[in-house]
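For reference, input_5.txt (compact mmCIF, C-alpha atoms):
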```txt
# COMPACT_ATOMS: atom_id res chain seq x y z
CA MET A 23 0.84 9.81 8.11
CA ILE A 24 1.33 9.10 4.40
CA PHE A 25 -1.14 6.65 2.89
CA ARG A 26 0.60 3.99 0.80
CA ASN A 27 -1.04 2.95 -2.46
CA SER A 28 -0.01 -0.68 -1.97
CA LYS A 29 -2.23 -1.13 1.11
CA GLU A 30 -5.27 -2.34 -0.82
CA LYS A 31 -3.30 -5.04 -2.66
CA ILE A 32 -1.62 -6.18 0.55
CA LEU A 33 -4.96 -6.59 2.34
CA GLU A 34 -6.23 -8.63 -0.61
CA MET A 35 -3.21 -10.94 -0.70
CA ILE A 36 -3.11 -11.53 3.07
CA GLN A 37 -6.38 -13.40 2.63
CA LYS A 38 -4.89 -15.69 -0.01
CA PHE A 39 -1.32 -16.48 1.08
CA PRO A 40 0.08 -17.74 4.40
CA ILE A 41 3.12 -15.46 4.05
CA VAL A 42 3.43 -11.93 2.70
CA VAL A 43 6.93 -10.59 2.10
CA PHE A 44 7.88 -6.92 1.92
CA THR A 45 11.09 -6.23 0.09
CA GLY A 46 12.64 -3.04 -1.21
CA PRO A 47 15.27 -0.39 -0.39
CA ARG A 48 16.27 0.44 3.15
CA GLN A 49 14.01 3.13 4.63
CA SER A 50 11.39 2.78 1.90
CA GLY A 51 8.75 2.33 4.60
CA LYS A 52 8.41 -1.46 4.76
CA THR A 53 8.37 -1.71 8.56
CA THR A 54 6.08 1.28 9.02
CA LEU A 55 3.62 0.01 6.43
CA SER A 56 3.52 -3.52 7.80
CA ARG A 57 2.85 -2.29 11.32
CA ILE A 58 0.15 0.13 10.16
CA VAL A 59 -1.63 -2.40 7.94
CA PHE A 60 -1.38 -5.14 10.58
CA PRO A 61 -1.62 -3.34 13.94
CA ASN A 62 -2.68 -6.51 15.81
CA TYR A 63 0.34 -8.54 14.68
CA ARG A 64 3.27 -8.99 17.02
CA TYR A 65 6.54 -7.50 15.83
CA VAL A 66 10.09 -8.83 16.12
CA SER A 67 13.19 -7.41 14.44
CA LEU A 68 16.15 -9.59 13.53
CA GLU A 69 18.38 -6.54 13.54
CA ASN A 70 18.15 -6.77 17.32
CA PRO A 71 21.19 -8.90 18.32
CA ASP A 72 19.30 -10.80 21.01
CA ASN A 73 16.43 -11.68 18.69
CA LEU A 74 18.83 -12.69 15.93
CA LEU A 75 20.85 -14.93 18.26
CA PHE A 76 17.64 -16.60 19.43
CA ALA A 77 16.47 -17.20 15.85
CA GLN A 78 19.87 -18.55 14.80
CA ASN A 79 20.56 -20.81 17.77
CA ASP A 80 17.04 -22.07 18.44
CA PRO A 81 14.85 -21.59 15.36
CA LYS A 82 12.21 -24.04 16.60
CA GLY A 83 11.97 -22.26 19.93
CA PHE A 84 11.86 -18.88 18.20
CA LEU A 85 8.99 -19.93 15.93
CA LYS A 86 7.18 -21.60 18.80
CA ILE A 87 6.92 -18.17 20.42
CA TYR A 88 6.40 -16.25 17.19
CA ASP A 89 4.11 -18.86 15.71
CA LYS A 90 1.39 -16.86 13.95
CA PHE A 91 0.22 -13.35 13.15
CA VAL A 92 3.69 -11.93 13.53
CA ILE A 93 5.87 -9.49 11.59
CA ILE A 94 9.49 -10.66 11.31
CA ASP A 95 11.59 -7.68 10.25
CA GLU A 96 14.92 -8.03 8.36
CA ALA A 97 14.17 -11.72 7.98
CA GLN A 98 17.10 -12.22 5.58
CA ASN A 99 19.42 -12.09 8.61
CA ALA A 100 18.21 -15.58 9.57
CA PRO A 101 17.42 -17.24 6.22
CA HIS A 102 17.42 -20.75 7.71
CA LEU A 103 14.07 -19.86 9.32
CA PHE A 104 12.41 -20.14 5.91
CA SER A 105 12.71 -23.94 5.87
CA TYR A 106 10.91 -24.14 9.20
CA LEU A 107 8.22 -21.72 8.04
CA GLN A 108 7.38 -24.04 5.15
CA GLN A 109 6.33 -26.85 7.46
CA ILE A 110 4.50 -24.53 9.85
CA VAL A 111 2.29 -22.89 7.20
CA ASP A 112 1.64 -26.20 5.45
CA ASP A 113 0.42 -27.75 8.69
CA SER A 114 -1.67 -24.78 9.85
CA GLY A 115 -3.37 -23.72 6.63
CA ILE A 116 -3.74 -20.20 8.05
CA SER A 117 -3.80 -17.26 5.64
CA GLY A 118 -1.69 -14.27 6.64
CA GLN A 119 0.21 -16.23 9.26
CA PHE A 120 3.54 -14.44 8.79
CA ILE A 121 4.69 -11.05 7.48
CA LEU A 122 8.37 -10.96 6.53
CA SER A 123 10.37 -7.92 5.50
CA GLY A 124 13.91 -7.40 4.26
CA SER A 125 16.13 -4.94 2.43
CA GLN A 126 18.41 -7.31 0.57
CA ASN A 127 16.51 -8.62 -2.39
CA PHE A 128 18.80 -11.48 -3.40
CA LEU A 129 19.21 -12.95 0.08
CA MET A 130 15.45 -12.92 0.60
CA LEU A 131 14.30 -14.19 -2.76
CA GLU A 132 16.93 -16.88 -3.12
CA ARG A 133 15.78 -18.65 0.04
CA ILE A 134 12.10 -18.02 -0.72
CA THR A 135 12.55 -19.72 -4.08
CA GLN A 136 14.16 -22.68 -2.38
CA SER A 137 11.79 -23.10 0.56
CA LEU A 138 8.57 -21.14 0.22
CA ALA A 139 7.62 -21.18 -3.45
CA GLY A 140 3.85 -20.99 -3.90
CA ARG A 141 3.29 -19.98 -0.29
CA VAL A 142 4.37 -16.34 -0.51
CA TYR A 143 3.11 -13.11 -1.99
CA ILE A 144 5.96 -10.65 -2.55
CA MET A 145 5.25 -6.91 -2.31
CA GLU A 146 8.15 -4.87 -3.64
CA LEU A 147 7.86 -1.51 -1.88
CA LEU A 148 9.80 1.29 -3.54
CA PRO A 149 10.14 4.83 -2.12
CA LEU A 150 7.09 7.10 -2.17
CA SER A 151 5.39 7.91 -5.46
CA TYR A 152 4.26 11.39 -6.44
CA SER A 153 0.60 10.65 -5.61
CA GLU A 154 1.57 9.41 -2.14
CA ILE A 155 3.74 12.46 -1.41
CA ALA A 156 1.02 14.78 -2.74
CA THR A 157 -1.20 13.86 0.21
CA VAL A 158 1.18 15.72 2.55
CA LYS A 159 3.27 18.03 0.34
CA THR A 160 2.94 19.90 -2.95
CA GLN A 161 6.04 19.81 -5.17
CA THR A 162 7.10 20.87 -8.64
CA VAL A 163 8.56 18.28 -10.97
CA PHE A 164 12.15 19.26 -10.24
CA GLU A 165 11.50 19.42 -6.50
CA SER A 166 10.12 15.89 -6.78
CA ILE A 167 13.26 14.75 -8.55
CA VAL A 168 15.75 16.32 -6.15
CA ASN A 169 13.88 15.33 -2.98
CA GLY A 170 13.33 11.73 -3.99
CA GLY A 171 10.82 9.48 -2.29
CA TYR A 172 12.21 8.23 1.02
CA PRO A 173 9.46 8.67 3.65
CA ARG A 174 11.73 10.05 6.39
CA LEU A 175 12.44 13.14 4.28
CA TYR A 176 8.76 14.07 4.45
CA ASP A 177 7.94 12.72 7.88
CA LYS A 178 10.81 14.56 9.61
CA LEU A 179 11.18 17.45 7.12
CA ILE A 180 14.82 16.61 6.36
CA ALA A 181 16.66 18.41 3.57
CA PRO A 182 18.09 16.12 0.85
CA SER A 183 21.58 17.50 1.54
CA ASP A 184 21.27 16.25 5.13
CA PHE A 185 19.56 12.94 4.42
CA TYR A 186 21.46 11.38 1.53
CA PRO A 187 25.06 11.57 2.84
CA SER A 188 23.99 9.57 5.88
CA TYR A 189 22.01 7.14 3.74
CA ILE A 190 24.98 6.46 1.47
CA GLN A 191 27.38 6.02 4.38
CA THR A 192 25.02 3.62 6.13
CA TYR A 193 24.54 1.65 2.93
CA ILE A 194 28.25 1.23 2.32
CA GLU A 195 29.09 0.35 5.91
CA ARG A 196 26.20 -2.04 6.49
CA ASP A 197 25.01 -3.63 3.30
CA VAL A 198 28.21 -3.82 1.30
CA ARG A 199 30.23 -5.26 4.17
CA THR A 200 27.44 -7.73 4.94
CA MET A 201 26.77 -8.91 1.41
CA VAL A 202 30.22 -9.22 -0.13
CA GLN A 203 33.86 -8.63 0.62
CA VAL A 204 34.76 -5.28 -0.94
CA GLN A 205 38.30 -4.57 0.17
CA ASP A 206 38.50 -0.99 -1.07
CA LEU A 207 35.31 0.79 0.01
CA SER A 208 36.60 4.14 -1.29
CA LEU A 209 36.94 2.63 -4.75
CA PHE A 210 33.45 1.15 -4.47
CA ARG A 211 32.17 4.62 -3.62
CA LYS A 212 33.87 5.93 -6.79
CA PHE A 213 32.03 3.20 -8.69
CA ILE A 214 28.70 4.42 -7.28
CA ASP A 215 29.55 8.00 -8.27
CA LEU A 216 30.51 6.83 -11.76
CA CYS A 217 27.16 5.07 -12.07
CA ALA A 218 25.41 8.32 -11.14
CA HIS A 219 27.25 10.17 -13.92
CA HIS A 220 26.02 7.53 -16.38
CA VAL A 221 22.36 7.58 -15.29
CA GLY A 222 20.07 6.96 -18.24
CA GLN A 223 22.99 5.79 -20.38
CA ILE A 224 24.17 2.41 -21.62
CA PHE A 225 25.97 0.47 -18.90
CA ASN A 226 29.32 -0.46 -20.44
CA ALA A 227 31.27 -2.66 -18.02
CA ASN A 228 34.37 -2.46 -20.17
CA HIS A 229 34.32 1.37 -20.03
CA PHE A 230 33.88 1.32 -16.25
CA SER A 231 36.70 -1.19 -15.98
CA LYS A 232 39.14 1.13 -17.75
CA LEU A 233 38.09 4.20 -15.77
CA LEU A 234 38.46 2.48 -12.38
CA GLY A 235 41.36 0.14 -13.17
CA LEU A 236 39.34 -2.96 -12.31
CA ASP A 237 38.60 -6.17 -14.20
CA ILE A 238 35.23 -6.52 -15.91
CA LYS A 239 34.08 -9.32 -13.59
CA THR A 240 34.53 -7.02 -10.59
CA ILE A 241 32.53 -4.27 -12.29
CA GLN A 242 29.73 -6.71 -13.08
CA ARG A 243 29.78 -8.07 -9.52
CA TRP A 244 29.63 -4.57 -8.07
CA MET A 245 26.71 -3.72 -10.33
CA SER A 246 24.87 -6.76 -9.04
CA ILE A 247 25.49 -5.50 -5.50
CA LEU A 248 23.80 -2.20 -6.34
CA GLU A 249 20.86 -4.07 -7.83
CA THR A 250 20.59 -6.49 -4.92
CA SER A 251 20.49 -3.67 -2.38
CA TYR A 252 18.06 -1.49 -4.35
CA ILE A 253 20.45 1.32 -5.17
CA ALA A 254 20.51 1.02 -8.97
CA PHE A 255 19.13 -1.24 -11.68
CA THR A 256 19.47 -1.86 -15.39
CA LEU A 257 16.83 -1.74 -18.11
CA LYS A 258 17.37 -4.39 -20.74
CA PRO A 259 16.87 -3.86 -24.49
CA TRP A 260 13.68 -5.28 -25.99
CA HIS A 261 14.29 -8.80 -27.21
CA LYS A 262 12.36 -8.47 -30.47
CA ASN A 263 14.77 -7.41 -33.21
CA PHE A 264 12.56 -7.34 -36.33
CA HIS A 265 15.61 -8.41 -38.34
CA LYS A 266 17.38 -5.21 -37.38
CA ARG A 267 20.66 -4.70 -35.59
CA ILE A 268 19.83 -3.53 -32.08
CA VAL A 269 21.79 -2.40 -29.05
CA LYS A 270 22.27 -5.36 -26.72
CA SER A 271 23.60 -3.62 -23.59
CA ALA A 272 21.35 -2.46 -20.74
CA LYS A 273 20.69 1.12 -19.57
CA LEU A 274 21.48 2.27 -16.04
CA TYR A 275 18.99 3.83 -13.63
CA PHE A 276 18.63 4.43 -9.88
CA TYR A 277 15.81 3.43 -7.55
CA ASP A 278 15.55 6.99 -6.21
CA THR A 279 16.14 10.25 -8.05
CA GLY A 280 16.95 12.13 -4.86
CA LEU A 281 19.85 9.77 -4.23
CA VAL A 282 21.30 10.00 -7.74
CA SER A 283 20.80 13.79 -7.75
CA HIS A 284 22.83 14.06 -4.55
CA LEU A 285 25.55 11.83 -5.99
CA LEU A 286 25.73 14.30 -8.89
CA GLY A 287 26.07 17.23 -6.48
CA LEU A 288 22.56 18.52 -7.19
CA ASP A 289 20.66 19.32 -4.01
CA ALA A 290 18.16 21.96 -5.19
CA ALA A 291 15.40 22.03 -7.81
CA ASP A 292 16.91 24.96 -9.72
CA GLU A 293 20.19 23.05 -9.96
CA ILE A 294 18.36 20.13 -11.58
CA HIS A 295 16.60 22.45 -14.03
CA SER A 296 19.86 23.97 -15.27
CA SER A 297 21.90 20.75 -15.19
CA THR A 298 23.09 18.76 -18.19
CA TYR A 299 21.61 15.75 -16.35
CA LYS A 300 18.11 17.24 -16.44
CA GLY A 301 16.86 14.94 -19.22
CA ALA A 302 18.35 11.77 -17.76
CA LEU A 303 17.02 12.51 -14.27
CA PHE A 304 13.52 13.22 -15.59
CA GLU A 305 13.63 9.98 -17.57
CA ASN A 306 14.68 8.10 -14.42
CA TYR A 307 11.91 9.82 -12.44
CA ALA A 308 9.17 9.00 -14.96
CA LEU A 309 10.30 5.39 -15.22
CA LEU A 310 10.19 5.03 -11.42
CA GLU A 311 6.71 6.54 -11.21
CA ILE A 312 5.45 3.96 -13.70
CA MET A 313 7.15 1.12 -11.86
CA LYS A 314 5.82 2.27 -8.47
CA PHE A 315 2.26 2.44 -9.76
CA HIS A 316 2.42 -1.05 -11.23
CA LYS A 317 4.12 -2.63 -8.20
CA ASN A 318 1.74 -0.98 -5.72
CA LYS A 319 -1.23 -2.39 -7.63
CA GLY A 320 0.33 -5.83 -8.02
CA MET A 321 0.59 -5.47 -11.79
CA ASN A 322 3.31 -7.63 -13.31
CA ARG A 323 4.96 -5.79 -16.17
CA ASN A 324 8.10 -6.27 -18.22
CA TYR A 325 10.15 -3.12 -18.90
CA TYR A 326 12.62 -2.58 -21.74
CA PHE A 327 14.04 0.12 -23.99
CA TRP A 328 14.60 -0.15 -27.75
CA ARG A 329 17.45 1.24 -29.83
CA ASP A 330 18.77 0.11 -33.19
CA SER A 331 22.22 0.56 -34.70
CA ASN A 332 21.11 3.73 -36.47
CA GLY A 333 20.29 5.44 -33.19
CA ASN A 334 16.50 5.14 -33.48
CA GLU A 335 15.22 4.74 -29.94
CA ILE A 336 12.15 4.41 -27.76
CA ASP A 337 12.85 5.28 -24.11
CA LEU A 338 10.59 2.66 -22.60
CA ILE A 339 8.77 -0.42 -23.83
CA ILE A 340 6.20 -1.98 -21.49
CA GLU A 341 5.17 -5.43 -22.64
CA LYS A 342 2.01 -7.25 -21.65
CA GLY A 343 1.07 -10.07 -23.97
CA LEU A 344 0.29 -8.68 -27.40
CA LYS A 345 -0.03 -5.14 -26.05
CA VAL A 346 3.09 -2.99 -26.26
CA GLN A 347 3.21 0.45 -24.69
CA CYS A 348 5.78 2.76 -26.26
CA VAL A 349 6.77 5.60 -23.95
CA GLU A 350 8.93 8.67 -24.53
CA MET A 351 10.00 10.71 -21.48
CA LYS A 352 11.15 14.28 -22.19
CA SER A 353 12.04 17.07 -19.76
CA SER A 354 10.25 19.65 -21.90
CA GLU A 355 6.89 21.40 -21.75
CA THR A 356 6.79 21.48 -25.54
CA VAL A 357 5.45 18.60 -27.62
CA LYS A 358 7.92 18.38 -30.49
CA SER A 359 7.21 16.46 -33.67
CA GLU A 360 10.39 14.40 -33.35
CA PHE A 361 9.23 13.14 -29.95
CA LEU A 362 6.04 11.79 -31.48
CA LYS A 363 7.78 10.39 -34.55
CA SER A 364 10.01 8.13 -32.47
CA LEU A 365 6.99 6.68 -30.67
CA HIS A 366 5.71 5.18 -33.93
CA TYR A 367 8.95 3.70 -35.17
CA LEU A 368 7.86 0.11 -34.44
CA ASP A 369 4.25 0.38 -35.61
CA ASP A 370 4.66 -1.26 -39.00
CA LEU A 371 7.23 -3.86 -38.01
CA ASP A 372 4.86 -6.41 -36.45
CA SER A 373 1.17 -6.52 -37.33
CA THR A 374 0.41 -9.03 -34.55
CA LEU A 375 1.19 -6.53 -31.78
CA ILE A 376 -1.01 -3.73 -30.48
CA PHE A 377 1.02 -0.56 -29.93
CA ASN A 378 -0.05 2.25 -27.61
CA HIS A 379 1.90 5.51 -27.57
CA TYR A 380 2.65 7.83 -24.64
CA LEU A 381 4.72 10.97 -24.31
CA ILE A 382 5.50 12.07 -20.74
CA ASN A 383 6.76 15.64 -20.31
CA THR A 384 6.96 18.42 -17.74
CA GLN A 385 3.77 20.26 -18.65
CA ASP A 386 0.99 20.36 -16.04
CA ALA A 387 -1.89 19.04 -18.12
CA SER A 388 -2.43 15.82 -20.05
CA GLN A 389 -4.14 15.49 -23.42
CA VAL A 390 -5.38 12.57 -25.48
CA ARG A 391 -4.72 12.80 -29.20
CA THR A 392 -5.78 10.52 -32.03
CA LYS A 393 -2.54 8.56 -32.11
CA GLU A 394 -0.83 9.44 -28.84
CA THR A 395 -1.53 10.29 -25.23
CA ILE A 396 0.47 13.21 -23.86
CA LEU A 397 0.88 12.77 -20.11
CA SER A 398 1.80 15.38 -17.55
CA TRP A 399 4.63 14.43 -15.19
CA ASN A 400 2.14 14.27 -12.31
CA GLU A 401 -0.39 12.02 -14.10
CA ILE A 402 1.95 9.19 -15.05
CA GLU A 403 -0.28 6.68 -13.26
CA MET A 404 -2.59 6.76 -16.30
CA ILE A 405 -0.24 4.17 -17.84
CA GLY A 406 -1.80 0.95 -16.59
```

In structure tokens, what does this structure look like?
Amino acid sequence: MIFRNSKEKILEMIQKFPIVVFTGPRQSGKTTLSRIVFPNYRYVSLENPDNLLFAQNDPKGFLKIYDKFVIIDEAQNAPHLFSYLQQIVDDSGISGQFILSGSQNFLMLERITQSLAGRVYIMELLPLSYSEIATVKTQTVFESIVNGGYPRLYDKLIAPSDFYPSYIQTYIERDVRTMVQVQDLSLFRKFIDLCAHHVGQIFNANHFSKLLGLDIKTIQRWMSILETSYIAFTLKPWHKNFHKRIVKSAKLYFYDTGLVSHLLGLDAADEIHSSTYKGALFENYALLEIMKFHKNKGMNRNYYFWRDSNGNEIDLIIEKGLKVQCVEMKSSETVKSEFLKSLHYLDDLDSTLIFNHYLINTQDASQVRTKETILSWNEIEMIG
């Protein structure tokens, strides 16, 4: 059994909110975690056709049976239930009355915003972090990248080359068909592959449009599908321009490095190490580790990158009030002077902000210097 770092925050929030929602990618462990953390709660899945039909045709009757201390899995399949839940939790005043989970972010959050605002704590559960995996398996940095973080890989000892083809096929057949009408699934699969080949790069919808022979609106809509279903996401440029010309397009990343590695045809650690995608995949990995740590602890952070028209760039900007964390992520064991120089590019441009500087690389030991903190790939959680 793999201990999840989010458990402590979940147990805290269940005492304060009537509804806790788990959202995140398919097979990221939402159902398993909810049933482990709340073993005395009843469980009902709306992927079961009979349960779904009951919830759709007789929502009052359904919620009369499943009235409190219940886990409702894949709740987005019956979004009209949310309106009924509002009245129930308002009348009862019970904390932790319902646990909801779902794998389609937009469908869940749209209805929550409409019906349950202020009554819900949302826990976004991403695949396993390094520290979670380390409790059951020791991995090198490139093994961590190629294996990814889906729990079933570690629970059932499944090779990435066996796991990810099935995951991709299931995603296309289930989620894409459910969420939106994509007439040419083979072309959509080419779009996913193209995204993988642009991991860590600027997402240029016009470029994708020309390569695939599709209009820009379709490309943008398909990108939103990947984001909604937790396959890929974009990192926006930092909004502060300091009177400089900055890049305005977002950068493209995936929610799991094992998945994007497989899409690139890389199914072994040594293949990652010798690949031209090594740097981009490490950058994606480090970014995910930071995000997982923050989300598991309930820390709300805003993530950006910064690049000006002259090519000066900081890989990651984490903003919290007046504190700005500048992070470089390099797939190298060597600390090069140019890595550190780029970290300080913004220091003198705004005296009201407090800048902290981090370099994450593939060495196995961290070190704190006067002006920077050098973090090992397996100690990324030091960035709070």

Residue nearest Gln98 of chain A - candidates A:Lys82, A:His316, A:Arg199, A:Arg133, atoms counted: all atoms listed in the file: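 Among the listed residues, the smallest separation from Gln98 of chain A belongs to A:Arg133.
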
Nearby residues, (35.1, -3.6, -12.5) file frame, 12 Å, only C-alpha atoms, as an MDAnalysis selection string: chainID A and resid 204 209:210 212:214 216:217 225:246

Would you output that residue set with C-alpha atoms, as a PDB file, in the coordinates of the input?
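Resulting contents of again37.pdb:
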```
ATOM      1  CA  VAL A 204      34.760  -5.280  -0.940  1.00  0.00           C
ATOM      2  CA  LEU A 209      36.940   2.630  -4.750  1.00  0.00           C
ATOM      3  CA  PHE A 210      33.450   1.150  -4.470  1.00  0.00           C
ATOM      4  CA  LYS A 212      33.870   5.930  -6.790  1.00  0.00           C
ATOM      5  CA  PHE A 213      32.030   3.200  -8.690  1.00  0.00           C
ATOM      6  CA  ILE A 214      28.700   4.420  -7.280  1.00  0.00           C
ATOM      7  CA  LEU A 216      30.510   6.830 -11.760  1.00  0.00           C
ATOM      8  CA  CYS A 217      27.160   5.070 -12.070  1.00  0.00           C
ATOM      9  CA  PHE A 225      25.970   0.470 -18.900  1.00  0.00           C
ATOM     10  CA  ASN A 226      29.320  -0.460 -20.440  1.00  0.00           C
ATOM     11  CA  ALA A 227      31.270  -2.660 -18.020  1.00  0.00           C
ATOM     12  CA  ASN A 228      34.370  -2.460 -20.170  1.00  0.00           C
ATOM     13  CA  HIS A 229      34.320   1.370 -20.030  1.00  0.00           C
ATOM     14  CA  PHE A 230      33.880   1.320 -16.250  1.00  0.00           C
ATOM     15  CA  SER A 231      36.700  -1.190 -15.980  1.00  0.00           C
ATOM     16  CA  LYS A 232      39.140   1.130 -17.750  1.00  0.00           C
ATOM     17  CA  LEU A 233      38.090   4.200 -15.770  1.00  0.00           C
ATOM     18  CA  LEU A 234      38.460   2.480 -12.380  1.00  0.00           C
ATOM     19  CA  GLY A 235      41.360   0.140 -13.170  1.00  0.00           C
ATOM     20  CA  LEU A 236      39.340  -2.960 -12.310  1.00  0.00           C
ATOM     21  CA  ASP A 237      38.600  -6.170 -14.200  1.00  0.00           C
ATOM     22  CA  ILE A 238      35.230  -6.520 -15.910  1.00  0.00           C
ATOM     23  CA  LYS A 239      34.080  -9.320 -13.590  1.00  0.00           C
ATOM     24  CA  THR A 240      34.530  -7.020 -10.590  1.00  0.00           C
ATOM     25  CA  ILE A 241      32.530  -4.270 -12.290  1.00  0.00           C
ATOM     26  CA  GLN A 242      29.730  -6.710 -13.080  1.00  0.00           C
ATOM     27  CA  ARG A 243      29.780  -8.070  -9.520  1.00  0.00           C
ATOM     28  CA  TRP A 244      29.630  -4.570  -8.070  1.00  0.00           C
ATOM     29  CA  MET A 245      26.710  -3.720 -10.330  1.00  0.00           C
ATOM     30  CA  SER A 246      24.870  -6.760  -9.040  1.00  0.00           C
TER      31      SER A 246
END
```

Straight-line distance linking atom CA of Asp330 of chain A with atom CA of Leu365 of chain A, stated in Å to one decimal: 13.7 Å

Contact residues around Asp80 of chain A with only C-alpha atoms at 10 Å, ignoring same-chain residues under 6 positions, as a ChimeraX atom specification: /A:74,86,103

Test item: residues at most 9 Å from segment 136-150 of chain A, only C-alpha atoms, excluding those fewer than 2 positions along its chain, as a PyMOL selection string: chain A and resi 24+26+28+31-32+35-36+38-47+49-52+104-108+111-112+131-134+152-155+170-173+252+277-278+310+313-314+317-318+320

Selection: 9 Å around Lys342 of chain A, all atoms listed in the file, excl. self and same-chain fewer than 2 positions, as a VMD selection string: chain A and resid 322 to 324 340 344 to 347

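Between atom CA of His366 of chain A and atom CA of Phe255 of chain A the separation is 26.8 Å.
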
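Ranking A:Asp177, A:Tyr193, A:Leu397, A:Ser353 by their shortest atom-to-atom distance to Leu281 of chain A, with all atoms listed in the file included, puts A:Tyr193 first.
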
Å distance separating atom CA of Asn73 of chain A from atom CA of Ser123 of chain A, one decimal place: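 If I compute the distance from atom CA of Asn73 of chain A to atom CA of Ser123 of chain A, I get 15.0 Å.
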
Near-Thr53 of chain A list (10 Å; all atoms listed in the file; drop same-chain fewer than 3 positions) as JSON, numbers by chain: {"A": [44, 45, 48, 49, 50, 56, 57, 58, 65, 67, 93, 94, 95, 96, 122, 123, 124]}

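Residue nearest Lys178 of chain A within the list A:Ser114, A:Met23, A:Ile294, A:Ser354: A:Met23 [criterion: smallest interatomic distance, all atoms listed in the file].
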
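Of the listed residues A:Glu165, A:Val198, A:Ala302, A:Ala290, the one whose atoms come nearest to Ser183 of chain A is A:Ala290, with distances taken using all atoms listed in the file.
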
Point (17.7, -16.6, 11.2), cut-off 8 Å, counting only C-alpha atoms, residues as a PyMOL selection string: chain A and resi 68+74-75+77-78+81+97-103

Long-range neighbours of segment 336-338 of chain A as a list in words, 9 Å cut-off, all atoms listed in the file, 2 positions minimum in chain: Leu257, Glu305, Leu309, Tyr325, Tyr326, Phe327, Trp328, Arg329, Asn334, Ile340, Gln347, Cys348, Val349, Glu350, Met351, Ser364, Leu365, His366 and Tyr367 of chain A

Pick from A:Val158, A:Leu371, A:Leu207, A:Leu381, whichever lies nearest to Lys358 of chain A using all atoms listed in the file: A:Leu381

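With all atoms listed in the file as the atoms that count, the residue of A:Asp372, A:Asp184, A:Glu34, A:Glu355 with the shortest distance to Ser398 of chain A is A:Glu355.
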